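So the structure is just underneath, and the comments pick up after that.
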Amino acid sequence: MQRRLGPLLALAVALVVTLAGPPAGAQEKPRSGGELVFILPSESPSYDAHEEETFGLIHPTAPHYNTLLRTDPNDPTGTKIVGDLAESWTISKDGRTYTLKLHRGVKFHDGSEMTSRDVKASYDKIISPPPGVRSIRQGEYVDVEAVQAPDPYTVVFRLKWPSASFTSSLASPWNWIYRADLLAKDPHWYETHVMGTGPFTFVEHVRGSHWVGKKNPNYWDKGKPYLDGYRGIFIKDSAAQVAAVRGERAMIQFRGFAPAERDTLVQALGPKIRVQESPWNCVILVAINHEKKPFDDKRVRRALTLALDRYQGSQALSKIAIVKDVGGVQVPGTPFATPPAELEKLAGYSRDIQKSRAEARQLLREAGVPDGFSFVYKNRGVPMPYEPVGIWLIDQWRQIGLNVRQEVVEAANIYPTLRSGDFEVASDFQCGYIVDPDLDLYKFQSKERSFANYSRYTDKALDDLYEKQARATDAEERKRSVREFEKRLLDEEVHYIYTLQWHRIIPHLAKVHGWTITPSHYLNQQLDTVWLAE
Amino acid sequence: MLRYVAKRILLMVPTLVGVATLIFFLMRVVPGDIVELRFAGETFVKKETLDTERARLGLDQPLWRQFTTWMVGLARLDFGRSMWTGAPISEEIRLRFALSLQMAVMATAIAVTLAIPLGVLAALRQDTWVDYTVRIISIAGLATPSFWLGIVFILGLLIVFKWLPPMVYTPFWVNPGQNLAQLIWPALAVGYRYSAVATRMTRSAMLEVLREDYIRTARAKGLWQQLILTRHALKNAMLPVLTVIAIEFAFLLGGLVVTEQVFNLNGLGLLFVEAVAHRDYTLTQALVMLVAAAFIVVNLLVDLAYAWLDPRIRFR
């Protein structure tokens, strides 16, 4: 009995220490020196963040760069915006002009000075890239009218209309500031080269093997970084990742581990390991094809969400998969998230599951869907967490008399499948870099507006609500609009179904300090605040 | 002999053309899209971005034109660039080739070192406890996947010695100790399974040869047993063993996918799997050609070795 309780106790202690204690690095005195060794589970095709979407680029490469703004490295919600290259910023009364003052004396790693010209060139590349240059987040900046550099240390963004999320966009971890001269010579230069203003300079990248950075001795933020350097090791297999931490060949993996992997490490390393956990701004969505019968009928869609016992699912699945919290369209605990009591009023979020399922069966009868009706759920062929969540969904739907067959679609084929509409019900996915309604709700607009709307519907009322919240200048007013949007999306129309919020688990060697988990695995990767205890 | 070699080399051409054609069309039949895979996860991506990318990769071209481009490049030994990384394919392969080759050589060395003495011993002591022990060891080797054995090695090292092999490849000429500390474990895991196949083949080939008339004659004329074994029996028994060893060697160059995952080896096997998963047509095609060429060359070398082992074999 004691043997079985030992690891559980160690896990409980590790979690309590993490969750109840202050944010890592908030109060301890940092120590300089040492090399941080971390695991890289993914590798990016190119080095240009303006055109990539994988964390496999952010984790090894972000320490070489700065952005204009960033999220506070000590803020566990990942929503508090602070300056990075910008030391201060002001917003005009009409909400359409953002003026940012830059730090002076910031140098690129080649020794040249970073000025507003570089910022303008970088943002021009993101917002209006030259022909032949990819910018995959161009659509995020449709509200920008012009980027101006009135003097070397001032940048002005003029917007077409007020945007509630523009500061979040300026803090995007993807918007690295590149050198204007290099972009002018070759806008593709940054696809194959690394050269920024960040706390670490680039040393080496051996594809498939490792990435090395060393301390930038001329870093503009004096006293930082604390580390002498870092080394990222590419390890794709999760068992090998666990072995690497367990064997102390690596200190941390910044994306996340599964619950069983956390438990293995806690059991094996005891006090040498520390665990940080957070709700994760990623969620598996259920796309319901509105062009296929009977899913064009909102009663059927509503029945699908009513069937889900999210609270019981959370308890069971969180033991075996990287999902946990029951949430709406915003990560629980973040500024625009719906409080639990209010969330319970939405279809499928009630704690009275018997009542919900009775209503679901009634709706199916009214819609003329016979008992035992069969359909196919196309699931993305990635085991964690798609497989357990898929099995859970099928079981829940079975309980209202639906007979669902799972068809696993290989990762390379899931988007072509969704895009072509060759499915009835399928898993979809959303993962944001900052918890912000503009970023998280964009995809749910009508199919004519959102290329990522795989449920294939048109809903002008929803589009209006999106714009209303996006242009709200008052936080409370925006919150109300987000609630209305959420109610229409998940309750009245049930265009999409939210399953459970992902749950991020980072077990790391206890000697790693100064890094705080956030709901996004894209954030907090500059490593300037990270340090190693002896 | 030279004529035979030239003829075999010429015969490689239609074989490789056949492989090139087959892999080109097979890759196009498999559903999936590299462009969607790379960019579609981004909410804000536009259709135009995906279309532009497809055009840049030549995926908007008719199939016959894509095929022609591939075959012309192949004729010039120019495999082009990886569709996923944009890096030259020769560079992508070069990075991994040294590790995969070294692994194949080490595993083969371990397999041969174990298999030939054990196989001969089992044949000489047929139906004794020695034979039974060797047979148990070899059957266990056949029944044990090398990746599973690899996992056992890793867990054993972690639990008993609190030590894990290095996870980044260091070339042998840079640091032999570091290099061997990383590769000896996967080489042992793979070499054991490989040796099991070769042991059984050596045993059965030896049993067959030892019953031949010329062995009886050699014994009758009082030839020294050691000489009979090495010069007359083993040399002749090696023909099928050599074939098995050679085919396994060629397979090891690109087929150690799971073992490479378990030991985090940056080899050709993992590159192959990633290329297929990414629908990186150019890289997958190049890797298939490399493995096909390796098999053909190894087969040719085996055929040439036959003549050396058995002078009765003549090439025409």
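In the structure tokens, chains take the letters A, B, ... in the order shown, each chain's residues start at 1, and ligands count up from 1 in the order shown.
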
Show which residues sit within 9 Å of B:Ile89, as an MDAnalysis selection string. Count only C-alpha atoms, and ignore same-chain residues fewer than 5 positions away.
chainID B and resid 78:82 94 282:283 286

Could you make a table, as a tab-separated table, of the residues of stretch 118-221 of chain B that have an atom within 12 Å of an atom of stretch 99-113 of chain B, each with its nearest atom pair and distance in Å to one decimal, counting only C-alpha atoms, in chain and number order?
```
residue	atom	partner	partner_atom	distance
B:Leu118	CA	B:Thr113	CA	8.8
B:Gly119	CA	B:Val112	CA	10.1
B:Val120	CA	B:Thr113	CA	11.7
B:Ser138	CA	B:Ala111	CA	11.1
B:Gly141	CA	B:Ala111	CA	10.9
B:Ser146	CA	B:Ala107	CA	11.1
B:Val168	CA	B:Leu99	CA	10.8
B:Tyr169	CA	B:Leu99	CA	7.5
B:Thr170	CA	B:Leu99	CA	9.0
B:Pro171	CA	B:Leu99	CA	7.8
B:Phe172	CA	B:Gln102	CA	9.0
B:Trp173	CA	B:Gln102	CA	11.9
B:Asn179	CA	B:Leu99	CA	9.6
B:Leu180	CA	B:Met106	CA	9.8
B:Gln182	CA	B:Met103	CA	10.4
B:Leu183	CA	B:Met103	CA	6.8
B:Ile184	CA	B:Met106	CA	7.7
B:Trp185	CA	B:Ala107	CA	9.8
B:Pro186	CA	B:Met103	CA	7.8
B:Ala187	CA	B:Ala107	CA	4.6
B:Leu188	CA	B:Ala107	CA	6.5
B:Ala189	CA	B:Ala107	CA	8.2
B:Val190	CA	B:Ala107	CA	6.0
B:Gly191	CA	B:Ala107	CA	4.2
B:Tyr192	CA	B:Ala111	CA	6.2
B:Arg193	CA	B:Ala111	CA	8.0
B:Tyr194	CA	B:Ala111	CA	5.7
B:Ser195	CA	B:Ala111	CA	4.0
B:Ala196	CA	B:Ala111	CA	7.8
B:Val197	CA	B:Ala111	CA	8.9
B:Ala198	CA	B:Ala111	CA	7.3
B:Thr199	CA	B:Ala111	CA	8.5
B:Arg200	CA	B:Ala111	CA	11.8
B:Met201	CA	B:Val112	CA	11.6
B:Thr202	CA	B:Val112	CA	10.1
```

Limited to C-alpha atoms, could you put the picked residues into a file as a PDB file, in the first residue's frame?
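The resulting file, part.pdb, is shown below:
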```pdb
ATOM      1  CA  LEU B 118      27.007 -20.020 -32.986  1.00  0.00           C
ATOM      2  CA  GLY B 119      25.595 -21.429 -36.218  1.00  0.00           C
ATOM      3  CA  VAL B 120      28.675 -23.582 -36.832  1.00  0.00           C
ATOM      4  CA  SER B 138      18.140 -17.525 -32.060  1.00  0.00           C
ATOM      5  CA  GLY B 141      16.005 -13.181 -31.263  1.00  0.00           C
ATOM      6  CA  SER B 146      14.587  -4.877 -31.934  1.00  0.00           C
ATOM      7  CA  VAL B 168      22.710  13.700 -30.109  1.00  0.00           C
ATOM      8  CA  TYR B 169      24.885  12.025 -32.722  1.00  0.00           C
ATOM      9  CA  THR B 170      28.607  12.696 -32.576  1.00  0.00           C
ATOM     10  CA  PRO B 171      30.652  11.381 -35.529  1.00  0.00           C
ATOM     11  CA  PHE B 172      33.141   8.651 -34.664  1.00  0.00           C
ATOM     12  CA  TRP B 173      36.122  10.717 -35.824  1.00  0.00           C
ATOM     13  CA  ASN B 179      29.790   7.981 -30.623  1.00  0.00           C
ATOM     14  CA  LEU B 180      29.971   4.412 -29.347  1.00  0.00           C
ATOM     15  CA  GLN B 182      25.197   6.338 -28.261  1.00  0.00           C
ATOM     16  CA  LEU B 183      25.236   3.723 -31.016  1.00  0.00           C
ATOM     17  CA  ILE B 184      26.333   0.534 -29.296  1.00  0.00           C
ATOM     18  CA  TRP B 185      22.901  -0.001 -27.681  1.00  0.00           C
ATOM     19  CA  PRO B 186      20.776   0.254 -30.806  1.00  0.00           C
ATOM     20  CA  ALA B 187      23.426  -1.738 -32.667  1.00  0.00           C
ATOM     21  CA  LEU B 188      23.162  -4.498 -30.062  1.00  0.00           C
ATOM     22  CA  ALA B 189      19.354  -4.441 -30.181  1.00  0.00           C
ATOM     23  CA  VAL B 190      19.279  -4.628 -33.966  1.00  0.00           C
ATOM     24  CA  GLY B 191      22.314  -6.905 -34.243  1.00  0.00           C
ATOM     25  CA  TYR B 192      20.779  -9.523 -31.961  1.00  0.00           C
ATOM     26  CA  ARG B 193      17.654  -9.925 -34.097  1.00  0.00           C
ATOM     27  CA  TYR B 194      19.778  -9.843 -37.236  1.00  0.00           C
ATOM     28  CA  SER B 195      22.145 -12.470 -35.795  1.00  0.00           C
ATOM     29  CA  ALA B 196      19.199 -14.750 -35.039  1.00  0.00           C
ATOM     30  CA  VAL B 197      18.297 -14.913 -38.734  1.00  0.00           C
ATOM     31  CA  ALA B 198      21.914 -15.488 -39.741  1.00  0.00           C
ATOM     32  CA  THR B 199      22.544 -18.089 -37.009  1.00  0.00           C
ATOM     33  CA  ARG B 200      19.690 -20.252 -38.185  1.00  0.00           C
ATOM     34  CA  MET B 201      20.797 -19.933 -41.776  1.00  0.00           C
ATOM     35  CA  THR B 202      24.424 -20.781 -40.889  1.00  0.00           C
TER      36      THR B 202
END
```

For each of B:Ala115, B:Ala205, B:Ala20, B:Ala55, take the minimum atom-to-atom distance to B:Lys235, counting only C-alpha atoms, then give the residue where this is smallest.
B:Ala205

Please identify which residues in stretch 385-441 of chain A DSSP calls strand (DSSP E or B) from the backbone, and express them as number ranges by chain.
A: 402-409, 425-431

With 7 Å as the limit and counting only C-alpha atoms, what residues in chain B lie close to chain A? Please list them as a short mmCIF file (atom, residue, chain, number, x, y, z; two decimals) with C-alpha atoms, in the first residue's frame.
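Saved result, result.cif, follows:
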```cif
data_model
loop_
_atom_site.label_atom_id
_atom_site.label_comp_id
_atom_site.auth_asym_id
_atom_site.auth_seq_id
_atom_site.Cartn_x
_atom_site.Cartn_y
_atom_site.Cartn_z
CA PRO B 31 -4.46 11.03 -50.02
CA GLY B 32 -3.05 14.11 -48.27
CA ASP B 33 -1.62 17.47 -49.09
CA ILE B 34 1.68 18.96 -47.98
CA GLU B 36 -2.71 21.94 -46.16
CA LEU B 37 -0.62 20.07 -43.62
CA PHE B 39 -0.48 25.92 -43.27
CA ALA B 40 -4.11 24.94 -42.71
CA GLU B 42 -3.52 28.64 -38.98
CA THR B 43 -6.94 30.23 -38.59
CA PHE B 44 -6.09 33.33 -40.59
CA VAL B 45 -4.58 31.62 -43.60
CA LYS B 46 -6.14 32.56 -46.93
CA LYS B 47 -6.98 30.32 -49.85
CA THR B 49 -1.73 31.62 -49.81
CA TRP B 84 8.92 20.54 -46.79
CA THR B 85 12.17 22.27 -45.82
CA LEU B 158 17.93 4.21 -16.54
CA LYS B 162 20.64 6.00 -13.75
CA TRP B 163 22.25 6.66 -17.09
CA LEU B 164 20.94 7.23 -20.60
CA VAL B 168 22.71 13.70 -30.11
CA GLN B 261 12.64 6.61 -32.66
CA VAL B 262 13.34 4.73 -29.46
CA PHE B 263 16.99 5.80 -29.34
CA ASN B 264 16.34 9.21 -30.93
CA ASN B 266 18.75 11.08 -36.58
CA ALA B 277 3.92 11.84 -43.27
CA HIS B 278 4.57 15.32 -44.69
#
```

Which residues, written as a VMD selection string, have at least one atom at most 8 Å from stretch 254-262 of chain A, with only C-alpha atoms counted and residues fewer than 2 positions away on the same chain left out?
chain A and resid 38 to 41 59 242 252 264 to 266 275 318 to 322 504 to 507 521
